Amino acid sequence: MKTELVFFTQEQGSLFVRLLLSHLLADFVFQTNSMVANKKWFSKQMLLHIGIVFIVSFLLSFSLKIALSIAFIHWIIDSLKCSLQGKISGKETYLFFGDQIVHLLSILFIWVAFEDIWVQLSNAVVKVTMSYSISLFSLGYVLVTWPLAYAMKFVLKGIDKTTQGTSNKKIEQGGKLIGIFERIIILSFVYLNKYEAIGFLITGKSIIRFAQKEEGLRSEYVLVGTMISYAFSIVVGMLINWLLSLT
């Protein structure tokens, strides 16, 4: 008998979605380049931006307490980011993603706190973590990412000797990252029994590889690596689907 997992009610979920929407609108749609360039702890541009955050949050949540909380924490996060920008040079990408992650986590924290769903949410998370199917799916994704990438390095070691030097190392690292995402996508298609979609992925990759002119990428190296990635991902997905069918 399957246990129904309830993380939150539809109304609670709707509020969380609206809070996320309010953040995206305030931080990307209504925030101008002038605000981004001139924000400081107590600058006019910062206060204007925080005012927009408060108004949008209030209009989409209909809660003064939630809007004030989001606006205040948003101000703290953005101000700290501005302080770090003057001390850390060349790390704009890390600051941007770190800033957005902290914003989203703060919204999640405020939503859970004001909706008082700590126990309900934690119990559902525990059930998901202990779920047999989720555990199998997770095992599959982990297998086709880093472990397989590590194993392929040894399998392909004797095929291509061009991965030496700075530029070729960058190519190798990029290829490894592409392979990881590629296997995740393939495994997801197998989980969903959408084998026909894998054909489109193969076609797209073939077109891209055909257009490349780098002599350092040997066709044998690419072909063997691709076949190993695809075969392993499909086999893992089929095996996990079979194990799930037995329950």
# chains A, B, ... in the order shown; residues from 1 in each chain; ligands from 1
>>> residues_around(residues="Val190 (chain A)", least_positions_apart="6", cutoff="12 Å", atoms="only C-alpha atoms", output="PyMOL selection string")
chain A and resi 137+140-141+183-184+196-199+230-242
>>> closest_residue(among="A:Ser131, A:Ile70, A:Ser122, A:Ile186", to="Thr226 (chain A)", atoms="only C-alpha atoms")
A:Ile186
>>> residues_around(residues="Phe7 (chain A)", least_positions_apart="6", cutoff="7 Å", atoms="only C-alpha atoms", output="list in words")
Gln120, Leu121 and Ala124 of chain A
>>> residues_around(residues="Val102 (chain A)", least_positions_apart="4", cutoff="10 Å", atoms="only C-alpha atoms", output="list in words")
Ile73, His74, Ile77, Phe97, Gly98, Ser106, Ile107 and Leu108 of chain A
>>> write_last_selection(atoms="all heavy atoms", output="mmCIF file, in the first residue's frame")
data_model
loop_
_atom_site.group_PDB
_atom_site.id
_atom_site.type_symbol
_atom_site.label_atom_id
_atom_site.label_comp_id
_atom_site.auth_asym_id
_atom_site.auth_seq_id
_atom_site.Cartn_x
_atom_site.Cartn_y
_atom_site.Cartn_z
ATOM 1 N N ILE A 73 14.937 41.089 4.982
ATOM 2 C CA ILE A 73 15.995 40.113 4.722
ATOM 3 C C ILE A 73 16.620 40.351 3.354
ATOM 4 O O ILE A 73 17.840 40.199 3.174
ATOM 5 C CB ILE A 73 15.433 38.683 4.825
ATOM 6 C CG1 ILE A 73 14.974 38.412 6.263
ATOM 7 C CG2 ILE A 73 16.466 37.654 4.396
ATOM 8 C CD1 ILE A 73 14.349 37.053 6.466
ATOM 9 N N HIS A 74 15.815 40.759 2.394
ATOM 10 C CA HIS A 74 16.328 41.079 1.056
ATOM 11 C C HIS A 74 17.333 42.226 1.141
ATOM 12 O O HIS A 74 18.371 42.202 0.476
ATOM 13 C CB HIS A 74 15.169 41.449 0.127
ATOM 14 C CG HIS A 74 15.534 41.410 -1.329
ATOM 15 N ND1 HIS A 74 15.074 40.431 -2.186
ATOM 16 C CD2 HIS A 74 16.317 42.223 -2.080
ATOM 17 C CE1 HIS A 74 15.548 40.656 -3.396
ATOM 18 N NE2 HIS A 74 16.297 41.745 -3.357
ATOM 19 N N ILE A 77 20.645 40.910 2.647
ATOM 20 C CA ILE A 77 21.395 40.084 1.686
ATOM 21 C C ILE A 77 22.033 40.937 0.605
ATOM 22 O O ILE A 77 23.218 40.785 0.278
ATOM 23 C CB ILE A 77 20.462 39.024 1.058
ATOM 24 C CG1 ILE A 77 19.981 38.045 2.129
ATOM 25 C CG2 ILE A 77 21.184 38.272 -0.055
ATOM 26 C CD1 ILE A 77 18.909 37.093 1.649
ATOM 27 N N PHE A 97 25.104 33.904 -8.126
ATOM 28 C CA PHE A 97 24.395 32.666 -7.797
ATOM 29 C C PHE A 97 24.247 32.485 -6.291
ATOM 30 O O PHE A 97 23.210 32.010 -5.818
ATOM 31 C CB PHE A 97 25.119 31.467 -8.416
ATOM 32 C CG PHE A 97 24.908 31.336 -9.900
ATOM 33 C CD1 PHE A 97 25.907 31.661 -10.794
ATOM 34 C CD2 PHE A 97 23.688 30.905 -10.397
ATOM 35 C CE1 PHE A 97 25.708 31.545 -12.161
ATOM 36 C CE2 PHE A 97 23.476 30.792 -11.763
ATOM 37 C CZ PHE A 97 24.494 31.111 -12.649
ATOM 38 N N GLY A 98 25.283 32.874 -5.542
ATOM 39 C CA GLY A 98 25.175 32.796 -4.092
ATOM 40 C C GLY A 98 24.082 33.697 -3.560
ATOM 41 O O GLY A 98 23.309 33.311 -2.669
ATOM 42 N N SER A 106 15.833 32.134 1.940
ATOM 43 C CA SER A 106 15.161 33.007 2.902
ATOM 44 C C SER A 106 13.653 33.020 2.670
ATOM 45 O O SER A 106 12.858 33.036 3.627
ATOM 46 C CB SER A 106 15.725 34.429 2.815
ATOM 47 O OG SER A 106 15.391 35.051 1.580
ATOM 48 N N ILE A 107 13.246 33.009 1.402
ATOM 49 C CA ILE A 107 11.816 32.959 1.086
ATOM 50 C C ILE A 107 11.219 31.646 1.572
ATOM 51 O O ILE A 107 10.114 31.614 2.135
ATOM 52 C CB ILE A 107 11.596 33.137 -0.428
ATOM 53 C CG1 ILE A 107 11.951 34.567 -0.845
ATOM 54 C CG2 ILE A 107 10.146 32.816 -0.810
ATOM 55 C CD1 ILE A 107 11.927 34.792 -2.335
ATOM 56 N N LEU A 108 11.948 30.554 1.360
ATOM 57 C CA LEU A 108 11.486 29.248 1.837
ATOM 58 C C LEU A 108 11.337 29.247 3.353
ATOM 59 O O LEU A 108 10.331 28.751 3.896
ATOM 60 C CB LEU A 108 12.471 28.163 1.400
ATOM 61 C CG LEU A 108 12.200 26.747 1.913
ATOM 62 C CD1 LEU A 108 10.859 26.233 1.380
ATOM 63 C CD2 LEU A 108 13.336 25.800 1.521
#
>>> residues_around(residues="Gln31 (chain A)", least_positions_apart="5", cutoff="10 Å", atoms="only C-alpha atoms", output="ChimeraX atom specification")
/A:24-26,36,45,48-50,52-53
>>> atom_distance(atom1="CA of Pro147 (chain A)", atom2="CA of Ile228 (chain A)")
12.9 Å
>>> closest_residue(among="A:Ile110, A:Ile180, A:Val224, A:Leu15", to="Leu148 (chain A)", atoms="only C-alpha atoms")
A:Ile180
>>> closest_residue(among="A:Leu95, A:Met46, A:Leu201, A:Val144", to="Ile76 (chain A)", atoms="only C-alpha atoms")
A:Met46
>>> residues_around(residues="Phe96 (chain A)", least_positions_apart="6", cutoff="12 Å", atoms="only C-alpha atoms", output="PyMOL selection string")
chain A and resi 27+36+77-78+81-82+84-85+90+102-103
>>> closest_residue(among="A:Ala71, A:Lys194, A:Ser229, A:Phe42", to="Val155 (chain A)", atoms="only C-alpha atoms")
A:Ser229
>>> residues_around(residues="Leu80 (chain A)", least_positions_apart="6", cutoff="10 Å", atoms="only C-alpha atoms", output="VMD selection string")
chain A and resid 40 to 41 74 99
>>> write_last_selection(atoms="all heavy atoms", output="PDB file, in the first residue's frame")
ATOM      1  N   LYS A  40      23.814  50.539  -2.340  1.00  0.00           N
ATOM      2  CA  LYS A  40      24.658  50.474  -1.152  1.00  0.00           C
ATOM      3  C   LYS A  40      23.733  50.303   0.041  1.00  0.00           C
ATOM      4  O   LYS A  40      22.506  50.265  -0.107  1.00  0.00           O
ATOM      5  CB  LYS A  40      25.504  51.745  -1.027  1.00  0.00           C
ATOM      6  CG  LYS A  40      26.524  51.910  -2.153  1.00  0.00           C
ATOM      7  CD  LYS A  40      27.323  53.191  -1.979  1.00  0.00           C
ATOM      8  CE  LYS A  40      28.319  53.367  -3.130  1.00  0.00           C
ATOM      9  NZ  LYS A  40      29.091  54.632  -3.009  1.00  0.00           N
ATOM     10  N   TRP A  41      24.294  50.238   1.222  1.00  0.00           N
ATOM     11  CA  TRP A  41      23.489  49.957   2.402  1.00  0.00           C
ATOM     12  C   TRP A  41      22.285  50.894   2.538  1.00  0.00           C
ATOM     13  O   TRP A  41      21.176  50.453   2.754  1.00  0.00           O
ATOM     14  CB  TRP A  41      24.363  50.050   3.660  1.00  0.00           C
ATOM     15  CG  TRP A  41      25.137  48.797   3.929  1.00  0.00           C
ATOM     16  CD1 TRP A  41      26.382  48.488   3.467  1.00  0.00           C
ATOM     17  CD2 TRP A  41      24.707  47.673   4.699  1.00  0.00           C
ATOM     18  NE1 TRP A  41      26.765  47.246   3.895  1.00  0.00           N
ATOM     19  CE2 TRP A  41      25.758  46.714   4.683  1.00  0.00           C
ATOM     20  CE3 TRP A  41      23.556  47.357   5.422  1.00  0.00           C
ATOM     21  CZ2 TRP A  41      25.683  45.491   5.336  1.00  0.00           C
ATOM     22  CZ3 TRP A  41      23.480  46.139   6.086  1.00  0.00           C
ATOM     23  CH2 TRP A  41      24.530  45.223   6.034  1.00  0.00           C
ATOM     24  N   HIS A  74      15.815  40.759   2.394  1.00  0.00           N
ATOM     25  CA  HIS A  74      16.328  41.079   1.056  1.00  0.00           C
ATOM     26  C   HIS A  74      17.333  42.226   1.141  1.00  0.00           C
ATOM     27  O   HIS A  74      18.371  42.202   0.476  1.00  0.00           O
ATOM     28  CB  HIS A  74      15.169  41.449   0.127  1.00  0.00           C
ATOM     29  CG  HIS A  74      15.534  41.410  -1.329  1.00  0.00           C
ATOM     30  ND1 HIS A  74      15.074  40.431  -2.186  1.00  0.00           N
ATOM     31  CD2 HIS A  74      16.317  42.223  -2.080  1.00  0.00           C
ATOM     32  CE1 HIS A  74      15.548  40.656  -3.396  1.00  0.00           C
ATOM     33  NE2 HIS A  74      16.297  41.745  -3.357  1.00  0.00           N
ATOM     34  N   ASP A  99      24.001  34.903  -4.118  1.00  0.00           N
ATOM     35  CA  ASP A  99      22.972  35.865  -3.722  1.00  0.00           C
ATOM     36  C   ASP A  99      21.574  35.315  -3.992  1.00  0.00           C
ATOM     37  O   ASP A  99      20.680  35.385  -3.135  1.00  0.00           O
ATOM     38  CB  ASP A  99      23.203  37.173  -4.488  1.00  0.00           C
ATOM     39  CG  ASP A  99      22.041  38.141  -4.340  1.00  0.00           C
ATOM     40  OD1 ASP A  99      21.906  38.718  -3.255  1.00  0.00           O
ATOM     41  OD2 ASP A  99      21.292  38.324  -5.322  1.00  0.00           O
TER      42      ASP A  99
END
>>> atom_distance(atom1="CA of Arg18 (chain A)", atom2="CA of Val128 (chain A)")
24.8 Å
>>> select_by_dssp(residues="region 16-193 of chain A", states="helix (DSSP H, G or I)", output="ChimeraX atom specification")
/A:16-29,33-38,44-61,64-85,92-115,118-129,132-144,146-155,166-191
